[in-house]
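Trainee: If it helps, the file is called input33.pdb and holds PDB, C-alpha atoms:
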ATOM      1  CA  MET A   1     -92.787  26.842  41.803
ATOM      2  CA  GLY A   2     -94.952  23.999  43.139
ATOM      3  CA  ARG A   3     -97.082  24.196  46.236
ATOM      4  CA  ARG A   4     -95.288  22.993  49.378
ATOM      5  CA  LEU A   5     -96.636  19.947  51.141
ATOM      6  CA  PHE A   6     -97.884  20.452  54.705
ATOM      7  CA  CYS A   7     -95.213  18.074  56.010
ATOM      8  CA  ASP A   8     -92.456  20.176  54.397
ATOM      9  CA  ILE A   9     -93.386  23.489  56.043
ATOM     10  CA  SER A  10     -91.504  22.909  59.310
ATOM     11  CA  PRO A  11     -90.293  20.164  61.677
ATOM     12  CA  THR A  12     -93.541  20.606  63.630
ATOM     13  CA  THR A  13     -95.770  20.031  60.598
ATOM     14  CA  TYR A  14     -93.636  17.020  59.677
ATOM     15  CA  LYS A  15     -94.275  15.492  63.126
ATOM     16  CA  ILE A  16     -98.001  16.191  62.774
ATOM     17  CA  SER A  17     -97.995  14.479  59.373
ATOM     18  CA  MET A  18     -96.177  11.463  60.787
ATOM     19  CA  LYS A  19     -98.703  11.141  63.638
ATOM     20  CA  LYS A  20    -101.498  11.304  61.072
ATOM     21  CA  GLU A  21     -99.904   8.520  59.004
ATOM     22  CA  ILE A  22     -99.416   6.371  62.112
ATOM     23  CA  ALA A  23    -103.080   6.851  63.072
ATOM     24  CA  LEU A  24    -104.226   5.993  59.544
ATOM     25  CA  ARG A  25    -102.180   2.772  59.629
ATOM     26  CA  HIS A  26    -103.756   1.793  62.949
ATOM     27  CA  ILE A  27    -107.218   2.324  61.434
ATOM     28  CA  LYS A  28    -106.229   0.361  58.331
ATOM     29  CA  ASN A  29    -104.982  -2.509  60.509
ATOM     30  CA  VAL A  30    -108.276  -2.642  62.398
ATOM     31  CA  LEU A  31    -110.417  -2.503  59.267
ATOM     32  CA  GLY A  32    -108.122  -4.567  57.043
ATOM     33  CA  LYS A  33    -108.702  -8.156  55.977
ATOM     34  CA  ASP A  34    -105.192  -9.408  56.811
ATOM     35  CA  LYS A  35    -105.077 -11.852  59.698
ATOM     36  CA  ILE A  36    -101.923 -10.740  61.518
ATOM     37  CA  ALA A  37     -99.696 -13.405  63.096
ATOM     38  CA  ARG A  38     -99.657 -13.116  66.910
ATOM     39  CA  THR A  39     -98.578 -16.551  68.166
ATOM     40  CA  HIS A  40     -95.126 -17.102  69.686
ATOM     41  CA  SER A  41     -93.606 -20.449  70.601
ATOM     42  CA  LYS A  42     -90.415 -21.354  72.443
ATOM     43  CA  GLU A  43     -90.500 -24.708  70.665
ATOM     44  CA  GLU A  44     -88.646 -24.516  67.351
ATOM     45  CA  LEU A  45     -90.182 -25.966  64.201
ATOM     46  CA  PRO A  46     -87.987 -28.870  62.954
ATOM     47  CA  ASN A  47     -87.043 -27.842  59.386
ATOM     48  CA  ILE A  48     -84.643 -24.977  58.614
ATOM     49  CA  VAL A  49     -85.735 -23.340  55.350
ATOM     50  CA  LYS A  50     -82.971 -20.727  55.371
ATOM     51  CA  SER A  51     -80.468 -19.330  57.855
ATOM     52  CA  HIS A  52     -78.443 -16.133  57.595
ATOM     53  CA  SER A  53     -76.325 -13.725  59.625
ATOM     54  CA  SER A  54     -75.190 -10.125  59.171
ATOM     55  CA  ILE A  55     -72.544  -7.949  60.834
ATOM     56  CA  LEU A  56     -74.033  -5.643  63.471
ATOM     57  CA  ILE A  57     -71.360  -2.928  63.513
ATOM     58  CA  ARG A  58     -69.742  -1.919  60.219
ATOM     59  CA  LYS A  59     -67.036   0.606  59.360
ATOM     60  CA  LEU A  60     -69.039   3.517  57.976
ATOM     61  CA  LEU A  61     -67.133   6.675  57.094
ATOM     62  CA  GLY A  62     -68.505   9.749  58.830
ATOM     63  CA  VAL A  63     -71.033   7.850  60.966
ATOM     64  CA  ASP A  64     -70.876   8.225  64.764
ATOM     65  CA  LEU A  65     -69.947   4.836  66.238
ATOM     66  CA  LYS A  66     -72.328   5.491  69.145
ATOM     67  CA  LEU A  67     -75.266   5.374  66.737
ATOM     68  CA  GLN A  68     -74.169   1.908  65.639
ATOM     69  CA  GLU A  69     -73.753   0.738  69.242
ATOM     70  CA  ASN A  70     -77.256   2.040  69.990
ATOM     71  CA  LYS A  71     -78.489   0.191  66.913
ATOM     72  CA  VAL A  72     -77.362  -3.071  68.513
ATOM     73  CA  THR A  73     -79.460  -2.269  71.598
ATOM     74  CA  ASN A  74     -82.465  -1.519  69.376
ATOM     75  CA  ILE A  75     -82.058  -4.755  67.441
ATOM     76  CA  MET A  76     -81.790  -6.799  70.627
ATOM     77  CA  ILE A  77     -85.096  -5.325  71.861
ATOM     78  CA  ALA A  78     -86.720  -6.155  68.516
ATOM     79  CA  CYS A  79     -85.314  -9.701  68.691
ATOM     80  CA  ASN A  80     -87.237 -10.256  71.920
ATOM     81  CA  LYS A  81     -90.441  -9.170  70.157
ATOM     82  CA  ILE A  82     -89.960 -11.257  67.003
ATOM     83  CA  ASN A  83     -88.080 -14.390  68.038
ATOM     84  CA  GLY A  84     -90.220 -17.523  67.891
ATOM     85  CA  ILE A  85     -93.202 -16.000  66.107
ATOM     86  CA  ILE A  86     -95.361 -18.563  64.293
ATOM     87  CA  ILE A  87     -97.105 -17.606  61.062
ATOM     88  CA  HIS A  88     -99.966 -20.024  60.423
ATOM     89  CA  PRO A  89    -101.299 -20.681  56.889
ATOM     90  CA  ASN A  90    -103.111 -17.606  55.493
ATOM     91  CA  GLU A  91    -101.717 -15.388  58.254
ATOM     92  CA  THR A  92     -99.652 -12.263  57.530
ATOM     93  CA  PHE A  93     -96.478 -11.249  59.348
ATOM     94  CA  SER A  94     -96.354  -7.497  59.980
ATOM     95  CA  PHE A  95     -93.037  -6.066  61.140
ATOM     96  CA  TRP A  96     -94.585  -3.203  63.096
ATOM     97  CA  SER A  97     -97.528  -5.138  64.485
ATOM     98  CA  THR A  98     -94.925  -7.498  65.951
ATOM     99  CA  VAL A  99     -92.258  -5.023  67.086
ATOM    100  CA  GLY A 100     -94.526  -2.193  68.264
ATOM    101  CA  PRO A 101     -93.486   1.411  69.037
ATOM    102  CA  THR A 102     -89.771   2.234  68.984
ATOM    103  CA  ASP A 103     -89.662   5.232  71.313
ATOM    104  CA  LYS A 104     -87.560   6.026  74.364
ATOM    105  CA  LYS A 105     -90.344   4.804  76.682
ATOM    106  CA  HIS A 106     -89.952   1.303  75.265
ATOM    107  CA  GLY A 107     -86.179   1.237  75.836
ATOM    108  CA  TYR A 108     -85.017   2.236  72.366
ATOM    109  CA  LYS A 109     -82.013   4.489  71.785
ATOM    110  CA  GLU A 110     -81.045   6.925  69.044
ATOM    111  CA  GLY A 111     -79.586   5.023  66.110
ATOM    112  CA  LEU A 112     -78.854   5.665  62.463
ATOM    113  CA  VAL A 113     -81.926   6.285  60.297
ATOM    114  CA  ILE A 114     -82.559   7.445  56.746
ATOM    115  CA  GLY A 115     -84.474  10.708  57.080
ATOM    116  CA  ARG A 116     -87.013  11.932  54.548
ATOM    117  CA  LYS A 117     -85.236  14.284  52.113
ATOM    118  CA  VAL A 118     -82.315  14.767  54.537
ATOM    119  CA  GLY A 119     -80.439  11.523  54.039
ATOM    120  CA  LEU A 120     -78.670   9.955  57.007
ATOM    121  CA  THR A 121     -79.750  11.205  60.405
ATOM    122  CA  SER A 122     -80.562   9.758  63.839
ATOM    123  CA  GLY A 123     -83.722   8.778  65.660
ATOM    124  CA  TYR A 124     -85.103   6.463  68.324
ATOM    125  CA  GLY A 125     -85.243   2.888  67.083
ATOM    126  CA  GLY A 126     -82.697   3.639  64.370
ATOM    127  CA  GLY A 127     -81.085   0.614  62.737
ATOM    128  CA  LEU A 128     -84.112  -1.683  62.643
ATOM    129  CA  CYS A 129     -83.942  -1.755  58.850
ATOM    130  CA  GLN A 130     -81.217  -4.366  59.357
ATOM    131  CA  MET A 131     -83.735  -6.583  61.117
ATOM    132  CA  ALA A 132     -86.294  -6.089  58.338
ATOM    133  CA  ASN A 133     -83.561  -6.820  55.774
ATOM    134  CA  MET A 134     -82.759 -10.079  57.555
ATOM    135  CA  ILE A 135     -86.366 -11.239  57.552
ATOM    136  CA  HIS A 136     -86.888 -10.217  53.925
ATOM    137  CA  TYR A 137     -83.801 -12.164  52.814
ATOM    138  CA  LEU A 138     -85.067 -15.283  54.597
ATOM    139  CA  VAL A 139     -88.493 -14.893  52.984
ATOM    140  CA  LEU A 140     -86.981 -14.464  49.495
ATOM    141  CA  ASN A 141     -85.502 -17.919  49.946
ATOM    142  CA  SER A 142     -88.931 -19.480  50.420
ATOM    143  CA  PRO A 143     -92.321 -19.705  48.678
ATOM    144  CA  LEU A 144     -93.837 -17.135  51.083
ATOM    145  CA  GLU A 145     -95.519 -14.121  49.454
ATOM    146  CA  VAL A 146     -94.183 -10.607  50.158
ATOM    147  CA  THR A 147     -97.213  -8.297  50.393
ATOM    148  CA  GLU A 148     -95.617  -4.991  51.472
ATOM    149  CA  LEU A 149     -92.103  -3.859  50.656
ATOM    150  CA  HIS A 150     -90.398  -0.459  50.463
ATOM    151  CA  HIS A 151     -86.998  -0.580  48.780
ATOM    152  CA  HIS A 152     -84.068   1.660  49.662
ATOM    153  CA  SER A 153     -83.666   3.580  46.415
ATOM    154  CA  ASP A 154     -80.047   4.700  46.902
ATOM    155  CA  ALA A 155     -76.635   3.118  47.492
ATOM    156  CA  LEU A 156     -76.028   4.462  50.991
ATOM    157  CA  PHE A 157     -72.778   2.705  51.957
ATOM    158  CA  PRO A 158     -69.901   0.865  50.286
ATOM    159  CA  ASP A 159     -69.765  -2.902  50.734
ATOM    160  CA  ASP A 160     -68.258  -4.110  53.989
ATOM    161  CA  ARG A 161     -68.335  -7.915  54.071
ATOM    162  CA  ARG A 162     -71.655  -7.927  52.217
ATOM    163  CA  ARG A 163     -73.102 -11.443  51.997
ATOM    164  CA  VAL A 164     -76.271 -10.851  49.977
ATOM    165  CA  PRO A 165     -76.986  -9.316  46.552
ATOM    166  CA  PHE A 166     -77.132  -5.517  46.555
ATOM    167  CA  GLY A 167     -80.582  -3.959  46.909
ATOM    168  CA  THR A 168     -82.356  -6.883  48.573
ATOM    169  CA  GLY A 169     -83.147  -4.852  51.693
ATOM    170  CA  THR A 170     -86.247  -2.936  52.717
ATOM    171  CA  SER A 171     -87.095   0.317  54.489
ATOM    172  CA  VAL A 172     -89.288   0.401  57.588
ATOM    173  CA  CYS A 173     -90.561   3.378  59.590
ATOM    174  CA  TYR A 174     -93.011   3.087  62.474
ATOM    175  CA  ASN A 175     -95.618   2.255  61.637
ATOM    176  CA  ASN A 176     -96.820   3.448  58.239
ATOM    177  CA  VAL A 177     -93.857   2.048  56.276
ATOM    178  CA  ASP A 178     -94.231  -1.632  57.097
ATOM    179  CA  TYR A 179     -92.757  -4.905  55.870
ATOM    180  CA  ARG A 180     -95.242  -7.762  55.445
ATOM    181  CA  PHE A 181     -95.405 -11.262  54.032
ATOM    182  CA  LYS A 182     -98.202 -13.824  53.870
ATOM    183  CA  ASN A 183     -97.916 -17.519  54.590
ATOM    184  CA  ASN A 184     -99.553 -18.838  51.447
ATOM    185  CA  THR A 185     -98.432 -22.436  52.126
ATOM    186  CA  ASP A 186    -100.206 -25.325  53.867
ATOM    187  CA  GLN A 187     -97.953 -25.428  56.934
ATOM    188  CA  ASP A 188     -96.765 -23.252  59.829
ATOM    189  CA  VAL A 189     -93.552 -21.258  59.461
ATOM    190  CA  GLN A 190     -91.507 -19.635  62.203
ATOM    191  CA  ILE A 191     -88.949 -16.826  62.471
ATOM    192  CA  LEU A 192     -86.035 -17.051  64.883
ATOM    193  CA  VAL A 193     -83.746 -14.030  65.391
ATOM    194  CA  TRP A 194     -80.967 -13.454  67.910
ATOM    195  CA  CYS A 195     -77.632 -11.639  68.375
ATOM    196  CA  GLU A 196     -74.418 -13.613  68.764
ATOM    197  CA  ASN A 197     -70.691 -12.861  68.368
ATOM    198  CA  GLY A 198     -71.276  -9.412  66.878
ATOM    199  CA  GLU A 199     -73.809 -10.642  64.337
ATOM    200  CA  LEU A 200     -77.567 -10.605  63.868
ATOM    201  CA  CYS A 201     -78.580 -14.211  63.209
ATOM    202  CA  GLY A 202     -81.833 -15.446  61.743
ATOM    203  CA  GLU A 203     -83.617 -18.608  60.681
ATOM    204  CA  LEU A 204     -86.813 -19.292  58.796
ATOM    205  CA  ARG A 205     -88.225 -22.637  59.901
ATOM    206  CA  SER A 206     -91.112 -24.827  58.796
ATOM    207  CA  GLN A 207     -92.794 -28.062  59.813
ATOM    208  CA  ARG A 208     -91.360 -29.915  56.803
ATOM    209  CA  GLU A 209     -89.331 -29.266  53.650
ATOM    210  CA  PHE A 210     -90.852 -27.303  50.799
ATOM    211  CA  PRO A 211     -90.728 -28.991  47.359
ATOM    212  CA  CYS A 212     -88.420 -26.289  45.951
ATOM    213  CA  ARG A 213     -85.344 -24.452  47.121
ATOM    214  CA  TYR A 214     -84.409 -20.924  46.143
ATOM    215  CA  LYS A 215     -81.253 -19.035  45.215
ATOM    216  CA  LEU A 216     -80.625 -15.312  44.688
ATOM    217  CA  VAL A 217     -78.243 -14.383  41.876
ATOM    218  CA  GLU A 218     -76.904 -10.901  41.121
ATOM    219  CA  GLU A 219     -75.782 -10.235  37.532
ATOM    220  CA  ASN A 220     -74.281  -7.359  35.534
ATOM    221  CA  HIS A 221     -73.089  -5.564  38.647
ATOM    222  CA  HIS A 222     -71.177  -2.344  37.926
ATOM    223  CA  TYR A 223     -71.027   1.411  38.508
ATOM    224  CA  ARG A 224     -71.763   4.039  35.860
ATOM    225  CA  LYS A 225     -71.263   7.792  35.825
ATOM    226  CA  GLU A 226     -74.240   9.673  34.405
ATOM    227  CA  GLY A 227     -73.498  13.377  34.243
ATOM    228  CA  ASP A 228     -71.788  14.144  37.538
ATOM    229  CA  ILE A 229     -73.456  11.325  39.471
ATOM    230  CA  TYR A 230     -72.416   7.695  39.894
ATOM    231  CA  TYR A 231     -75.012   4.930  39.954
ATOM    232  CA  ARG A 232     -74.800   1.347  41.126
ATOM    233  CA  ILE A 233     -76.383  -0.981  38.585
ATOM    234  CA  SER A 234     -77.258  -4.676  38.653
ATOM    235  CA  GLN A 235     -80.068  -7.182  38.213
ATOM    236  CA  VAL A 236     -81.068  -9.644  40.932
ATOM    237  CA  TYR A 237     -82.843 -12.880  39.995
ATOM    238  CA  ARG A 238     -84.543 -15.455  42.180
ATOM    239  CA  VAL A 239     -83.860 -18.967  40.915
ATOM    240  CA  VAL A 240     -86.365 -21.699  41.790
ATOM    241  CA  ILE A 241     -84.919 -25.237  41.905
ATOM    242  CA  ASP A 242     -86.735 -28.556  42.268
ATOM    243  CA  ARG A 243     -85.475 -30.119  45.467
ATOM    244  CA  LEU A 244     -85.715 -33.732  44.263
ATOM    245  CA  THR A 245     -84.272 -33.423  40.757
ATOM    246  CA  ASN A 246     -82.071 -30.355  41.347
ATOM    247  CA  GLU A 247     -83.521 -28.990  38.089
ATOM    248  CA  GLU A 248     -83.811 -25.223  37.668
ATOM    249  CA  LEU A 249     -87.532 -24.653  37.106
ATOM    250  CA  TYR A 250     -87.439 -20.925  36.395
ATOM    251  CA  ARG A 251     -85.851 -17.642  37.375
ATOM    252  CA  GLU A 252     -87.572 -14.336  37.975
ATOM    253  CA  LEU A 253     -86.207 -10.800  37.994
ATOM    254  CA  ILE A 254     -86.915  -9.342  41.427
ATOM    255  CA  LEU A 255     -84.710  -6.233  41.300
ATOM    256  CA  ASP A 256     -83.373  -3.989  38.551
ATOM    257  CA  ASN A 257     -81.009  -1.752  40.495
ATOM    258  CA  HIS A 258     -80.207   1.764  39.328
ATOM    259  CA  SER A 259     -79.219   3.378  42.617
ATOM    260  CA  GLU A 260     -77.516   6.723  43.160
ATOM    261  CA  VAL A 261     -74.241   6.369  45.065
ATOM    262  CA  LEU A 262     -74.402   8.598  48.161
ATOM    263  CA  TYR A 263     -71.023   7.786  49.657
ATOM    264  CA  ASP A 264     -67.527   9.059  48.736
ATOM    265  CA  TYR A 265     -66.869   8.251  45.062
ATOM    266  CA  ASP A 266     -63.239   7.447  45.929
ATOM    267  CA  LEU A 267     -64.546   4.296  47.638
ATOM    268  CA  ILE A 268     -66.003   2.925  44.396
ATOM    269  CA  PRO A 269     -63.806   0.042  43.126
ATOM    270  CA  LYS A 270     -62.189   1.367  39.950
ATOM    271  CA  ASP A 271     -62.366  -2.009  38.214
ATOM    272  CA  GLN A 272     -66.171  -2.004  38.608
ATOM    273  CA  ILE A 273     -66.773   1.287  36.774
ATOM    274  CA  ARG A 274     -68.067   0.910  33.218
ATOM    275  CA  ASN A 275     -68.553   3.357  30.373
ATOM    276  CA  ASP A 276     -70.561   3.158  27.140
ATOM    277  CA  GLU A 277     -67.758   1.363  25.289
ATOM    278  CA  ASP A 278     -67.636  -1.335  27.996
ATOM    279  CA  ASP A 279     -71.385  -1.905  27.633
ATOM    280  CA  ARG A 280     -71.160  -2.183  23.861
ATOM    281  CA  GLN A 281     -68.383  -4.769  24.223
ATOM    282  CA  ASN A 282     -70.361  -6.745  26.817
ATOM    283  CA  LYS A 283     -73.374  -6.883  24.515
ATOM    284  CA  LYS A 284     -71.150  -7.970  21.632
ATOM    285  CA  ASP A 285     -69.535 -10.727  23.732
ATOM    286  CA  SER A 286     -72.911 -12.025  24.876
ATOM    287  CA  LYS A 287     -74.102 -12.606  21.287
TER     288      LYS A 287
END
Output the file's structure in the form of structure tokens.
Mentor:
Amino acid sequence: MGRRLFCDISPTTYKISMKKEIALRHIKNVLGKDKIARTHSKEELPNIVKSHSSILIRKLLGVDLKLQENKVTNIMIACNKINGIIIHPNETFSFWSTVGPTDKKHGYKEGLVIGRKVGLTSGYGGGLCQMANMIHYLVLNSPLEVTELHHHSDALFPDDRRRVPFGTGTSVCYNNVDYRFKNNTDQDVQILVWCENGELCGELRSQREFPCRYKLVEENHHYRKEGDIYYRISQVYRVVIDRLTNEELYRELILDNHSEVLYDYDLIPKDQIRNDEDDRQNKKDSK
């Protein structure tokens, strides 16, 4: 039997470990070389690189609706912190350096969070992963460079009006599990986020058009039972297209999903479940 980690001894030791990680991140931020974006502007940059919206409250089996309503409050607070931020060339956007603490003192409520080793639980500031997901999706549709990303490793919920390829989200946890990207271009970019008509809306803006546009494509999506466990499987590619000629320049694999399904297996679409024979046939047809 392996030696237990200090953070696993009790809830108290877990809190101590979290405070240690938060302190270490603060020290790393002070000593680090990244120049963190701090400038906000009410004036919007003229060019829309990418816009997107996502449903704020979804039908999630077994999840207290109050946690989702509180999530909306949390996201609206975060919107006020992020909206209008300018990232100058060579600056880095840090989710937590921009949003700050997500405790009760700062107006946050208990929302849905993904707890370490305990799955779905609740906590102050819960639901801000949706905001990080929004920003990450906008960035994936641009030449900006993602420098810190923590993927959700499991399929937590069934699709409910999903608009983006599966797995393109990111985990965040104040403040040691951050989401960051660097503006490696020669012009300012700006993030706009707001809530409207039950949706979280976002735009990535720039001073002028970039020479390429980007498209995310999900392929080979299916479910597979391995032993007694179902997994959600797919590959997500980012396609880079020349804006002037509309020529596809290249595509890169950004995600190879093999995610354990944590929700009720009865909710898995039966026509999307494959077995070994299906895979052999698919490979044969592709030749």
Trainee: Find the residue from A:Leu244, A:Leu253, A:Val146, A:Cys201 that sits nearest to His52 (chain A); use all atoms listed in the file when measuring.
Mentor: A:Cys201
Trainee: So that each row is one residue of region 103-211 of chain A with an atom at most 9 Å from region 77-88 of chain A, can you give its shortest atom pair and the distance in Å to one decimal, using only C-alpha atoms, rows by chain and rising number, as a tab-separated table?
Mentor:
residue	atom	partner	partner_atom	distance
A:His106	CA	A:Ile77	CA	8.9
A:Gly107	CA	A:Ile77	CA	7.7
A:Tyr108	CA	A:Ile77	CA	7.6
A:Leu128	CA	A:Ala78	CA	7.8
A:Met131	CA	A:Ala78	CA	8.0
A:Lys182	CA	A:Ile87	CA	8.2
A:Asn183	CA	A:Ile87	CA	6.5
A:Thr185	CA	A:His88	CA	8.8
A:Asp186	CA	A:His88	CA	8.4
A:Gln187	CA	A:His88	CA	6.7
A:Asp188	CA	A:His88	CA	4.6
A:Val189	CA	A:Ile87	CA	5.3
A:Gln190	CA	A:Ile86	CA	4.5
A:Ile191	CA	A:Gly84	CA	5.6
A:Leu192	CA	A:Asn83	CA	4.6
A:Val193	CA	A:Asn83	CA	5.1
A:Trp194	CA	A:Cys79	CA	5.8
A:Cys195	CA	A:Cys79	CA	7.9
A:Gly202	CA	A:Asn83	CA	8.9
Trainee: Could the residues in this selection be written to a file with C-alpha atoms, as a PDB file, keeping the file's coordinate frame?
Mentor:
ATOM      1  CA  HIS A 106     -89.952   1.303  75.265  1.00  0.00           C
ATOM      2  CA  GLY A 107     -86.179   1.237  75.836  1.00  0.00           C
ATOM      3  CA  TYR A 108     -85.017   2.236  72.366  1.00  0.00           C
ATOM      4  CA  LEU A 128     -84.112  -1.683  62.643  1.00  0.00           C
ATOM      5  CA  MET A 131     -83.735  -6.583  61.117  1.00  0.00           C
ATOM      6  CA  LYS A 182     -98.202 -13.824  53.870  1.00  0.00           C
ATOM      7  CA  ASN A 183     -97.916 -17.519  54.590  1.00  0.00           C
ATOM      8  CA  THR A 185     -98.432 -22.436  52.126  1.00  0.00           C
ATOM      9  CA  ASP A 186    -100.206 -25.325  53.867  1.00  0.00           C
ATOM     10  CA  GLN A 187     -97.953 -25.428  56.934  1.00  0.00           C
ATOM     11  CA  ASP A 188     -96.765 -23.252  59.829  1.00  0.00           C
ATOM     12  CA  VAL A 189     -93.552 -21.258  59.461  1.00  0.00           C
ATOM     13  CA  GLN A 190     -91.507 -19.635  62.203  1.00  0.00           C
ATOM     14  CA  ILE A 191     -88.949 -16.826  62.471  1.00  0.00           C
ATOM     15  CA  LEU A 192     -86.035 -17.051  64.883  1.00  0.00           C
ATOM     16  CA  VAL A 193     -83.746 -14.030  65.391  1.00  0.00           C
ATOM     17  CA  TRP A 194     -80.967 -13.454  67.910  1.00  0.00           C
ATOM     18  CA  CYS A 195     -77.632 -11.639  68.375  1.00  0.00           C
ATOM     19  CA  GLY A 202     -81.833 -15.446  61.743  1.00  0.00           C
TER      20      GLY A 202
END
Trainee: Tell me which protein, DNA and RNA residues are within 7 Å of Tyr214 (chain A), counting only C-alpha atoms, leaving out same-chain ones fewer than 3 positions away, and put them as an mmCIF file with C-alpha atoms, in the coordinates of the input.
Mentor:
data_model
loop_
_atom_site.group_PDB
_atom_site.id
_atom_site.type_symbol
_atom_site.label_atom_id
_atom_site.label_comp_id
_atom_site.auth_asym_id
_atom_site.auth_seq_id
_atom_site.Cartn_x
_atom_site.Cartn_y
_atom_site.Cartn_z
ATOM 1 C CA ASN A 141 -85.502 -17.919 49.946
ATOM 2 C CA SER A 142 -88.931 -19.480 50.420
ATOM 3 C CA ARG A 238 -84.543 -15.455 42.180
ATOM 4 C CA VAL A 239 -83.860 -18.967 40.915
ATOM 5 C CA VAL A 240 -86.365 -21.699 41.790
ATOM 6 C CA ILE A 241 -84.919 -25.237 41.905
#
Trainee: With all atoms of region 66-72 of chain A from the file as input, state the centre and edge lengths in Å to one decimal of the axis-aligned box that has 5 Å extra on each side, as AutoDock Vina command-line options.
Mentor:
--center_x -75.4 --center_y 1.2 --center_z 67.8 --size_x 16.2 --size_y 18.6 --size_z 14.4
Trainee: Counting all atoms listed in the file, which residue out of A:Thr98, A:Gln130, A:Thr147, A:Ser54 sits closest to Asp34 (chain A)?
Mentor: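 Result for the nearest residue to Asp34 (chain A): A:Thr147.
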Trainee: Compile the contact shell of His151 (chain A) as a ChimeraX atom specification: residues with an atom at most 12 Å away, counting all atoms listed in the file, same-chain residues fewer than 2 positions apart removed.
Mentor: /A:129,132-133,136,148-149,153-155,166-172,177-179,254-259
Trainee: For the file shown, report as a list in words the outcome of the PyMOL selection byres ((chain A and resi 125) around 7) at residue level.
Mentor: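 Applying the PyMOL selection byres ((chain A and resi 125) around 7) to the structure shown produces Asn74, Thr102, Asp103, Tyr108, Lys109, Glu110, Gly111, Gly123, Tyr124, Gly126, Gly127 and Leu128 of chain A.
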Trainee: The selected residues should be written to file as a JSON list (two decimals), in the frame of the given file (atoms: C-alpha atoms).
Mentor:
[["chain", "number", "residue", "atom", "x", "y", "z"],
["A", 74, "ASN", "CA", -82.46, -1.52, 69.38],
["A", 102, "THR", "CA", -89.77, 2.23, 68.98],
["A", 103, "ASP", "CA", -89.66, 5.23, 71.31],
["A", 108, "TYR", "CA", -85.02, 2.24, 72.37],
["A", 109, "LYS", "CA", -82.01, 4.49, 71.78],
["A", 110, "GLU", "CA", -81.04, 6.92, 69.04],
["A", 111, "GLY", "CA", -79.59, 5.02, 66.11],
["A", 123, "GLY", "CA", -83.72, 8.78, 65.66],
["A", 124, "TYR", "CA", -85.10, 6.46, 68.32],
["A", 126, "GLY", "CA", -82.70, 3.64, 64.37],
["A", 127, "GLY", "CA", -81.08, 0.61, 62.74],
["A", 128, "LEU", "CA", -84.11, -1.68, 62.64]]
Trainee: Calculated over all atoms listed in the file, which of the candidates A:Thr121, A:Ile57, A:Arg243, A:Met76 has the smallest distance to Glu209 (chain A)?
Mentor: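 Under the stated criterion, the closest residue is A:Arg243.
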Trainee: Please report the interatomic distance between CA of Arg208 (chain A) and CA of Phe95 (chain A) in Å with one decimal.
Mentor: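 About the pair CA of Arg208 (chain A) and CA of Phe95 (chain A): they are 24.3 Å apart.
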Trainee: In Å, with one decimal, what is the gap from CA of Ala37 (chain A) to CA of Glu145 (chain A)?
Mentor: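 Interatomic distance, CA of Ala37 (chain A) to CA of Glu145 (chain A): 14.3 Å.
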Trainee: Report as an mmCIF file with C-alpha atoms, keeping the file's coordinate frame the residues that result from applying the PyMOL selection byres ((chain A and resi 45) around 8) to the structure here.
Mentor:
data_model
loop_
_atom_site.group_PDB
_atom_site.id
_atom_site.type_symbol
_atom_site.label_atom_id
_atom_site.label_comp_id
_atom_site.auth_asym_id
_atom_site.auth_seq_id
_atom_site.Cartn_x
_atom_site.Cartn_y
_atom_site.Cartn_z
ATOM 1 C CA GLU A 43 -90.500 -24.708 70.665
ATOM 2 C CA GLU A 44 -88.646 -24.516 67.351
ATOM 3 C CA PRO A 46 -87.987 -28.870 62.954
ATOM 4 C CA ASN A 47 -87.043 -27.842 59.386
ATOM 5 C CA ILE A 48 -84.643 -24.977 58.614
ATOM 6 C CA VAL A 189 -93.552 -21.258 59.461
ATOM 7 C CA GLN A 190 -91.507 -19.635 62.203
ATOM 8 C CA ARG A 205 -88.225 -22.637 59.901
ATOM 9 C CA SER A 206 -91.112 -24.827 58.796
ATOM 10 C CA GLN A 207 -92.794 -28.062 59.813
#
Trainee: Using all atoms listed in the file, which protein or nucleic acid residues come within 7 Å of Tyr237 (chain A)? Drop anything in the same chain fewer than 3 positions from it, and give the result as a ChimeraX atom specification.
Mentor: /A:216-218,251-254
Trainee: Apply the PyMOL selection byres ((chain A and resi 176) around 7) to the file shown and report the selected residues as a PDB file with C-alpha atoms, in the frame of the given file.
Mentor:
ATOM      1  CA  GLU A  21     -99.904   8.520  59.004  1.00  0.00           C
ATOM      2  CA  ILE A  22     -99.416   6.371  62.112  1.00  0.00           C
ATOM      3  CA  ARG A  25    -102.180   2.772  59.629  1.00  0.00           C
ATOM      4  CA  CYS A 173     -90.561   3.378  59.590  1.00  0.00           C
ATOM      5  CA  TYR A 174     -93.011   3.087  62.474  1.00  0.00           C
ATOM      6  CA  ASN A 175     -95.618   2.255  61.637  1.00  0.00           C
ATOM      7  CA  VAL A 177     -93.857   2.048  56.276  1.00  0.00           C
ATOM      8  CA  ASP A 178     -94.231  -1.632  57.097  1.00  0.00           C
TER       9      ASP A 178
END
Trainee: Counting all atoms listed in the file, figure out which residue out of A:Lys215, A:Leu140, A:Asn70, A:Pro269 gets nearest to Glu248 (chain A).
Mentor: A:Lys215
